[in-house]
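Report on one structure; see the data block that follows.
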Amino acid sequence: AYRQQLAEKLSRKELPLGVRYHVFVDPPGPKIGNGGSTLHVLRCLEDLYGDKWTSFIVLLIHSGGYSQRLPNASALGKIFTALPFGDPIYQMLELKLAMYIDFPSHMKPGILITCSDDIELYSTGVTETVTFDKPGFTALAHPSDLTVGTTHGVFVLDPSSFSGKGGLEYTSCHHFLHKPDIETMRRCGAVCIRGNCSQLSSSGDRSDSDMGLECVYTDSIFYMDHSIAKQLLTFYKQMGTLCCEIDAYGDFLQALGPGATQDYTKNTSNVTKEEAQLEVQQKLRSLLKGTTLNVIVLNNSKFYHIGTTQEYLFHFTSDRKLKFELNLLSVAFSIFSDKAETLDQSASIIQSILEPGCFVGPGSIIEYSRVGPEVSVGKNSIISGSYINLKVDIPSNCFLSSLSIKINDQVKYVSMVFSVEDDLKKSVKMLSDIHSLQFFGVSLLECLDLWGVKVSDQLFSSENTRLGLWTARIFPVCSTLSESVRMSLKMLNSVQHMSAFKLNGFKLLSVEEMLTYKDVEDMLKFRKQIYDEIHLQRQKEKSGL
């Protein structure tokens with residue numbers, strides 16, 4: 001999927017052409033986390049280029065796993081998430097390259113590591129440049145509220161080299177905290193006063209007027225020079241195969257700086273750690289001990305995460321700040337003639353064709369879809385890759401995403417439908433517990449009864465320890481895209497009105513299986529048809545026809 005989309009972008013000259021693009025997949029076997037993936041990529045680069053790889057400037061984008069919290073990105077990849085601006089529209093990949101466009105000319109050979117679902121925007125003075133040229137690790141830091149710090153990495157900065165003034169400041173990190181609680185941030189001296197961060201303080205007594213000005217500096221992207229990259233590659237080769245997850249942030253960065261402690265390798269609160277994982281962490285810790293963590297503090301910067309349905313909906317529809325900063329559009333590269341009457345300003349239409357008469361509620365996103373004239377979409381909904389040509393009211397908070405699949409060499413279609421608040425990561429271990437799983441606010445057990453689906457070992461596609469919405473075989477396989485949308489919306493309708501809608505006679509798939517059978521070519525063909533139609537319409541408009 002990734003290689004095909006890259007090839008298409010390059011053929012349309014939508015990406016810089018003088019760059020070498022590679023897609024590296026994790027080795028088969030157990031999950032190895034983004035840290036393990038980083039090590040694997042270094043190995044792949046060496047295999048491809050020999051010693052020459054150490055002279056390269058590399059941008060390494062971790063492109064997300066299954067994307068269970070934003071399933072419209074599951075089939076074709078988070079890095080290809082469409083954004084509501086550009087003509088033709090930009091995807092996350094182009095935005096990443098645009099945001100980092102000034103970095104390579106101020107960077108010594110090394111690896112810049114980022115994720116595919118975050119946006120970093122910053123402003124610096126005319127003479128200030130972001131430079132990655134120091135040995136060891138260098139990370140960007142952004143001022144954030146303390147609550148944001150609890151879900152990110154937080155830097156405990158060296159007070160002697162840091163004033164907290166100006167747009168950009170180079171300093172060093174005493175030590176790095178991974179997803180700390182607020183008490184830990186205070187105790188370690190990570191809490192600053194905005195605009196005057198020399199008051200690094202571990203005492204909790206603050207006047208109320210100061211409280212609003214408290215911040216911590218949180219992580220986003222980081223760079224490592226080639227001497228570090230080579231050490232890590234040697235470590236990876238010595239390990240042979242990894243049999244546990246390594247976190248590039250938690251396990252690499254926590255080992256750095258003069259104040260780094262052994263504590264984090266013992267902290268088992270956030271993960272159940274196996275012996276193997278502890279051993280790998282301790283080896284990494286001793287390998288990286290004493291390595292400098294340089295920090296580039298961007299005081300005038302913002303960090304946005306677009307990794308969940310809620311974040312995606314908020315940032316692309318309601319977030320006025322991001323809308324202003326990126327000039328996001330309500331209608332981006334789409335055909336939607338009577339938008340004045342039927343489109344709320346906070347809705348977002350991305351590379352889609354909406355026929356006159358349809359209605360889209362506030363805060364909803366429609367991407368890569370065709371929507372007929374008798375369709376009404378409620379608020380805060382996501383419609384992706386679908387063709388809806390029936391008379392239907394799609395409820396608020398609805399997530400609808402359609403996939404092309406290939407079974408026995410035949411192209412078929414399946415549409416998944418959920419509430420944007422459903423937890424697709426949640427799972428239970430026993431069939432007797434599936435009543436605790438929720439589909440659109442209703443117990444899955446009740447839903448199965450309405451749909452006439454029997455509870456048995458065959459109901460879930462994974463081994464019996466992960467029974468959840470992700471692995472439940474509930475979505476009917478259909479021969480056309482519009483039919484698959486119709487069937488899934490009927491399933492949802494039956495749950496909302498507590499009326500039976502039997503799925504007898506259909507082959508049913510789980511989301512997990514849809515992704516196994518996905519037909520990338522057919523999905524991209526559907527997008528291309530929409531693209532061509534919009535492009536043709538644009539040309540007609542330009543020539544005044």
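Ordering of the structure tokens sets the chain letters (A, B, ...); residue numbers start at 1 within each chain; ligands are numbered from 1 in the order shown.
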
Problem - Selection near Pro71 of chain A, 10 Å with only C-alpha atoms, sequence-local residues under 6 positions removed, as a list in words - result: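 Neighbouring residues, sequence-local ones excluded: Gly77, Lys78, Gly307, Thr308, Thr309, Ser384, Phe399, Leu400, Ser401, Met416, Val420, Leu424, Trp470 and Val511 of chain A.
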
Please dump the current selection as a PDB file, in the first residue's frame; keep N, CA, C and O atoms.
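So result08.pdb came out as:
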```
ATOM      1  N   GLY A  77      -2.629   3.530   5.637  1.00  0.00           N
ATOM      2  CA  GLY A  77      -1.519   4.077   6.417  1.00  0.00           C
ATOM      3  C   GLY A  77      -1.737   5.493   6.923  1.00  0.00           C
ATOM      4  O   GLY A  77      -2.203   6.360   6.204  1.00  0.00           O
ATOM      5  N   LYS A  78      -1.375   5.716   8.200  1.00  0.00           N
ATOM      6  CA  LYS A  78      -1.547   7.025   8.834  1.00  0.00           C
ATOM      7  C   LYS A  78      -0.788   8.131   8.107  1.00  0.00           C
ATOM      8  O   LYS A  78      -1.218   9.275   8.079  1.00  0.00           O
ATOM      9  N   GLY A 307      -4.046  11.279  16.266  1.00  0.00           N
ATOM     10  CA  GLY A 307      -3.992   9.816  16.264  1.00  0.00           C
ATOM     11  C   GLY A 307      -5.280   9.104  16.626  1.00  0.00           C
ATOM     12  O   GLY A 307      -5.355   7.878  16.551  1.00  0.00           O
ATOM     13  N   THR A 308      -6.324   9.861  17.028  1.00  0.00           N
ATOM     14  CA  THR A 308      -7.586   9.219  17.427  1.00  0.00           C
ATOM     15  C   THR A 308      -8.741   9.888  16.691  1.00  0.00           C
ATOM     16  O   THR A 308      -8.601  11.000  16.186  1.00  0.00           O
ATOM     17  N   THR A 309      -9.896   9.233  16.656  1.00  0.00           N
ATOM     18  CA  THR A 309     -11.059   9.818  15.968  1.00  0.00           C
ATOM     19  C   THR A 309     -11.419  11.166  16.594  1.00  0.00           C
ATOM     20  O   THR A 309     -11.738  12.114  15.885  1.00  0.00           O
ATOM     21  N   SER A 384     -15.586   7.763   5.258  1.00  0.00           N
ATOM     22  CA  SER A 384     -14.329   7.607   4.518  1.00  0.00           C
ATOM     23  C   SER A 384     -14.428   6.500   3.470  1.00  0.00           C
ATOM     24  O   SER A 384     -14.821   5.377   3.792  1.00  0.00           O
ATOM     25  N   PHE A 399     -19.013   6.579  12.729  1.00  0.00           N
ATOM     26  CA  PHE A 399     -17.783   6.333  11.971  1.00  0.00           C
ATOM     27  C   PHE A 399     -18.111   5.293  10.893  1.00  0.00           C
ATOM     28  O   PHE A 399     -18.520   4.180  11.206  1.00  0.00           O
ATOM     29  N   LEU A 400     -17.930   5.675   9.622  1.00  0.00           N
ATOM     30  CA  LEU A 400     -18.228   4.762   8.511  1.00  0.00           C
ATOM     31  C   LEU A 400     -17.047   4.764   7.553  1.00  0.00           C
ATOM     32  O   LEU A 400     -16.650   5.814   7.050  1.00  0.00           O
ATOM     33  N   SER A 401     -16.467   3.601   7.337  1.00  0.00           N
ATOM     34  CA  SER A 401     -15.312   3.519   6.439  1.00  0.00           C
ATOM     35  C   SER A 401     -15.417   2.246   5.604  1.00  0.00           C
ATOM     36  O   SER A 401     -15.650   1.161   6.139  1.00  0.00           O
ATOM     37  N   MET A 416     -17.135  -0.822   7.491  1.00  0.00           N
ATOM     38  CA  MET A 416     -17.208  -0.920   8.953  1.00  0.00           C
ATOM     39  C   MET A 416     -17.957   0.295   9.480  1.00  0.00           C
ATOM     40  O   MET A 416     -17.817   1.404   8.950  1.00  0.00           O
ATOM     41  N   VAL A 420     -17.891   6.995  16.904  1.00  0.00           N
ATOM     42  CA  VAL A 420     -16.532   7.556  17.004  1.00  0.00           C
ATOM     43  C   VAL A 420     -15.984   7.397  18.420  1.00  0.00           C
ATOM     44  O   VAL A 420     -14.790   7.560  18.648  1.00  0.00           O
ATOM     45  N   LEU A 424     -12.001   0.409  19.962  1.00  0.00           N
ATOM     46  CA  LEU A 424     -11.665  -0.772  19.151  1.00  0.00           C
ATOM     47  C   LEU A 424     -10.461  -1.525  19.696  1.00  0.00           C
ATOM     48  O   LEU A 424     -10.152  -2.619  19.250  1.00  0.00           O
ATOM     49  N   TRP A 470     -12.537  -5.086  17.265  1.00  0.00           N
ATOM     50  CA  TRP A 470     -11.570  -5.193  16.169  1.00  0.00           C
ATOM     51  C   TRP A 470     -11.605  -6.584  15.530  1.00  0.00           C
ATOM     52  O   TRP A 470     -11.393  -6.736  14.332  1.00  0.00           O
ATOM     53  N   VAL A 511     -12.825  -6.404  11.346  1.00  0.00           N
ATOM     54  CA  VAL A 511     -11.948  -5.345  10.816  1.00  0.00           C
ATOM     55  C   VAL A 511     -10.554  -5.933  10.582  1.00  0.00           C
ATOM     56  O   VAL A 511      -9.910  -5.670   9.556  1.00  0.00           O
TER      57      VAL A 511
END
```

Do a neighbour search on Tyr413 of chain A at 7 Å with only C-alpha atoms, toss out local chain neighbours closer than 2 positions, and write the hits as a PDB file with N, CA and C atoms, in the first residue's frame.
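The result, stored in out.pdb:
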```
ATOM      1  N   LEU A 403     -14.004  -0.520   2.649  1.00  0.00           N
ATOM      2  CA  LEU A 403     -12.785  -1.118   2.083  1.00  0.00           C
ATOM      3  C   LEU A 403     -13.123  -2.037   0.920  1.00  0.00           C
ATOM      4  N   SER A 404     -12.238  -2.037  -0.078  1.00  0.00           N
ATOM      5  CA  SER A 404     -12.302  -3.056  -1.120  1.00  0.00           C
ATOM      6  C   SER A 404     -11.478  -4.234  -0.607  1.00  0.00           C
ATOM      7  N   ILE A 405     -12.001  -5.431  -0.841  1.00  0.00           N
ATOM      8  CA  ILE A 405     -11.233  -6.621  -0.430  1.00  0.00           C
ATOM      9  C   ILE A 405     -11.171  -7.595  -1.604  1.00  0.00           C
ATOM     10  N   SER A 415     -18.013  -2.513   4.593  1.00  0.00           N
ATOM     11  CA  SER A 415     -17.991  -1.211   5.278  1.00  0.00           C
ATOM     12  C   SER A 415     -18.070  -1.436   6.776  1.00  0.00           C
ATOM     13  N   VAL A 477     -19.935  -9.026   3.773  1.00  0.00           N
ATOM     14  CA  VAL A 477     -19.230  -8.869   2.497  1.00  0.00           C
ATOM     15  C   VAL A 477     -20.270  -8.700   1.395  1.00  0.00           C
ATOM     16  N   CYS A 478     -20.122  -7.652   0.560  1.00  0.00           N
ATOM     17  CA  CYS A 478     -21.107  -7.371  -0.500  1.00  0.00           C
ATOM     18  C   CYS A 478     -20.403  -7.249  -1.847  1.00  0.00           C
ATOM     19  N   SER A 479     -21.205  -7.303  -2.923  1.00  0.00           N
ATOM     20  CA  SER A 479     -20.577  -7.283  -4.249  1.00  0.00           C
ATOM     21  C   SER A 479     -20.389  -5.872  -4.791  1.00  0.00           C
ATOM     22  N   THR A 480     -21.044  -4.868  -4.170  1.00  0.00           N
ATOM     23  CA  THR A 480     -20.793  -3.483  -4.596  1.00  0.00           C
ATOM     24  C   THR A 480     -20.504  -2.614  -3.375  1.00  0.00           C
ATOM     25  N   LEU A 481     -19.845  -1.494  -3.647  1.00  0.00           N
ATOM     26  CA  LEU A 481     -19.490  -0.560  -2.575  1.00  0.00           C
ATOM     27  C   LEU A 481     -20.744   0.034  -1.933  1.00  0.00           C
ATOM     28  N   SER A 484     -22.558  -2.408   0.329  1.00  0.00           N
ATOM     29  CA  SER A 484     -21.891  -2.664   1.617  1.00  0.00           C
ATOM     30  C   SER A 484     -22.178  -1.514   2.605  1.00  0.00           C
TER      31      SER A 484
END
```

Exercise for the section: Fewer than 2 positions away in the same chain doesn't count, so skip those; otherwise give me all residues within 12 Å of Asp433 of chain A, counting only C-alpha atoms, as number ranges by chain. Expected result: A: 426-431, 435-438, 443-445, 455, 464-468

Practice task
Quick one: everything within 6 Å of segment 145-149 of chain A, counting only C-alpha atoms, minus sequence neighbours fewer than 3 positions away in the same chain. Send it as an MDAnalysis selection string.
Solution key: chainID A and resid 152 215:216

Exercise for the section: Using only C-alpha atoms, find the one residue out of A:Ser499, A:Asn299, A:Asn504, A:Gln91 that sits nearest to Ile119 of chain A. Expected result: A:Gln91

Problem - All helix (DSSP H, G or I) residues (DSSP, backbone) inside segment 410-518 of chain A, as a PyMOL selection string - result: chain A and resi 431-436+444-451+457-459+481-496+511-517

Exercise for the section: Would you mind telling me which residue in A:Ser456, A:Gln68, A:Thr124, A:Ser482 lies nearest to Gly166 of chain A when using only C-alpha atoms? Expected result: A:Thr124

Handout entry: Close residues, Glu367 of chain A itself excluded, 10 Å, only C-alpha atoms, min 4 positions apart in chain, as a list in words
Key =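 The contact residues come out as Asn72, Thr81, Ala82, Leu83, Pro84, Ala332, Ser334, Ser348, Ile349, Ile350, Gln351, Ser352, Ile353, Ile382, Ile383, Ser384, Gly385, Ser386, Ser401 and Arg527 of chain A.
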
Selection from above, N, CA and C atoms, as a PDB file, in the first residue's frame, can you write it?
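Saved to result.pdb:
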```
ATOM      1  N   ASN A  72      -9.950   4.871   9.826  1.00  0.00           N
ATOM      2  CA  ASN A  72      -9.966   5.247   8.408  1.00  0.00           C
ATOM      3  C   ASN A  72      -8.543   5.345   7.857  1.00  0.00           C
ATOM      4  N   THR A  81      -2.796  10.011   5.624  1.00  0.00           N
ATOM      5  CA  THR A  81      -4.033  10.660   6.068  1.00  0.00           C
ATOM      6  C   THR A  81      -4.224  11.955   5.292  1.00  0.00           C
ATOM      7  N   ALA A  82      -5.428  12.134   4.740  1.00  0.00           N
ATOM      8  CA  ALA A  82      -5.716  13.341   3.953  1.00  0.00           C
ATOM      9  C   ALA A  82      -5.929  14.534   4.871  1.00  0.00           C
ATOM     10  N   LEU A  83      -5.468  15.704   4.429  1.00  0.00           N
ATOM     11  CA  LEU A  83      -5.628  16.939   5.202  1.00  0.00           C
ATOM     12  C   LEU A  83      -6.572  17.880   4.458  1.00  0.00           C
ATOM     13  N   PRO A  84      -7.347  18.703   5.188  1.00  0.00           N
ATOM     14  CA  PRO A  84      -8.338  19.559   4.517  1.00  0.00           C
ATOM     15  C   PRO A  84      -7.752  20.836   3.916  1.00  0.00           C
ATOM     16  N   ALA A 332     -12.243  21.068   0.606  1.00  0.00           N
ATOM     17  CA  ALA A 332     -10.912  20.967  -0.001  1.00  0.00           C
ATOM     18  C   ALA A 332     -10.960  20.001  -1.180  1.00  0.00           C
ATOM     19  N   SER A 334     -12.943  19.359  -3.749  1.00  0.00           N
ATOM     20  CA  SER A 334     -14.185  18.573  -3.789  1.00  0.00           C
ATOM     21  C   SER A 334     -15.200  19.244  -4.701  1.00  0.00           C
ATOM     22  N   SER A 348     -15.944  19.391   7.313  1.00  0.00           N
ATOM     23  CA  SER A 348     -14.762  19.336   6.456  1.00  0.00           C
ATOM     24  C   SER A 348     -14.973  18.294   5.358  1.00  0.00           C
ATOM     25  N   ILE A 349     -14.906  18.754   4.109  1.00  0.00           N
ATOM     26  CA  ILE A 349     -15.105  17.854   2.955  1.00  0.00           C
ATOM     27  C   ILE A 349     -13.782  17.755   2.209  1.00  0.00           C
ATOM     28  N   ILE A 350     -13.241  16.540   2.090  1.00  0.00           N
ATOM     29  CA  ILE A 350     -11.910  16.344   1.506  1.00  0.00           C
ATOM     30  C   ILE A 350     -11.998  15.376   0.312  1.00  0.00           C
ATOM     31  N   GLN A 351     -11.584  15.842  -0.859  1.00  0.00           N
ATOM     32  CA  GLN A 351     -11.610  15.039  -2.098  1.00  0.00           C
ATOM     33  C   GLN A 351     -12.842  14.134  -2.173  1.00  0.00           C
ATOM     34  N   SER A 352     -13.995  14.785  -2.206  1.00  0.00           N
ATOM     35  CA  SER A 352     -15.260  14.047  -2.272  1.00  0.00           C
ATOM     36  C   SER A 352     -16.212  14.734  -3.237  1.00  0.00           C
ATOM     37  N   ILE A 353     -17.224  13.976  -3.676  1.00  0.00           N
ATOM     38  CA  ILE A 353     -18.254  14.535  -4.560  1.00  0.00           C
ATOM     39  C   ILE A 353     -19.589  14.425  -3.836  1.00  0.00           C
ATOM     40  N   ILE A 382     -17.579  10.662  10.824  1.00  0.00           N
ATOM     41  CA  ILE A 382     -16.487  10.475   9.853  1.00  0.00           C
ATOM     42  C   ILE A 382     -16.981   9.508   8.780  1.00  0.00           C
ATOM     43  N   ILE A 383     -16.938   9.954   7.523  1.00  0.00           N
ATOM     44  CA  ILE A 383     -17.306   9.079   6.386  1.00  0.00           C
ATOM     45  C   ILE A 383     -16.070   8.980   5.508  1.00  0.00           C
ATOM     46  N   SER A 384     -15.586   7.763   5.258  1.00  0.00           N
ATOM     47  CA  SER A 384     -14.329   7.607   4.518  1.00  0.00           C
ATOM     48  C   SER A 384     -14.428   6.500   3.470  1.00  0.00           C
ATOM     49  N   GLY A 385     -14.090   6.842   2.222  1.00  0.00           N
ATOM     50  CA  GLY A 385     -14.010   5.842   1.152  1.00  0.00           C
ATOM     51  C   GLY A 385     -15.329   5.198   0.798  1.00  0.00           C
ATOM     52  N   SER A 386     -16.451   5.910   1.033  1.00  0.00           N
ATOM     53  CA  SER A 386     -17.771   5.302   0.863  1.00  0.00           C
ATOM     54  C   SER A 386     -18.528   5.877  -0.340  1.00  0.00           C
ATOM     55  N   SER A 401     -16.467   3.601   7.337  1.00  0.00           N
ATOM     56  CA  SER A 401     -15.312   3.519   6.439  1.00  0.00           C
ATOM     57  C   SER A 401     -15.417   2.246   5.604  1.00  0.00           C
ATOM     58  N   ARG A 527     -10.475   6.250  -5.449  1.00  0.00           N
ATOM     59  CA  ARG A 527      -9.998   7.608  -5.149  1.00  0.00           C
ATOM     60  C   ARG A 527      -9.614   8.346  -6.436  1.00  0.00           C
TER      61      ARG A 527
END
```

Practice task
Do a neighbour search on Glu14 of chain A at 10 Å with only C-alpha atoms, toss out local chain neighbours closer than 3 positions, and write the hits as a PyMOL selection string.
Solution key: chain A and resi 6+8-11+17+88+90+94

Take the residues just selected and output them with C-alpha atoms as a short mmCIF file (atom, residue, chain, number, x, y, z; two decimals), in the first residue's frame.
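Written file, selection_9.cif:
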```cif
data_model
loop_
_atom_site.label_atom_id
_atom_site.label_comp_id
_atom_site.auth_asym_id
_atom_site.auth_seq_id
_atom_site.Cartn_x
_atom_site.Cartn_y
_atom_site.Cartn_z
CA LEU A 6 4.52 6.69 -3.03
CA GLU A 8 1.70 7.49 -7.62
CA LYS A 9 2.74 10.66 -5.77
CA LEU A 10 6.12 10.66 -7.47
CA SER A 11 4.57 10.14 -10.90
CA LEU A 17 12.06 14.00 -6.74
CA PRO A 88 -4.94 18.58 -5.05
CA TYR A 90 -2.09 17.31 0.85
CA GLU A 94 3.65 16.20 2.27
#
```

Exercise for the section: as a PyMOL selection string, please: all residues of segment 23-157 of chain A that backbone DSSP puts in strand (DSSP E). Expected result: chain A and resi 57-62+82-86+89-91+110-115+118-122+137-144+153-157

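Rounded to one decimal, atom CA of Ile228 of chain A and atom CA of Gly50 of chain A lie 16.9 Å from each other.
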
Exercise for the section: For each of A:Gly363, A:His178, A:Arg3, A:Ile221, take the minimum atom-to-atom distance to Met99 of chain A, counting only C-alpha atoms, then give the residue where this is smallest. Expected result: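 Once distances to Met99 of chain A are computed over only C-alpha atoms, the minimum belongs to A:Ile221.
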
Fill in the blank from the handout: Here atom CA of Phe336 of chain A and atom CA of Val417 of chain A stand apart by 24.2 Å
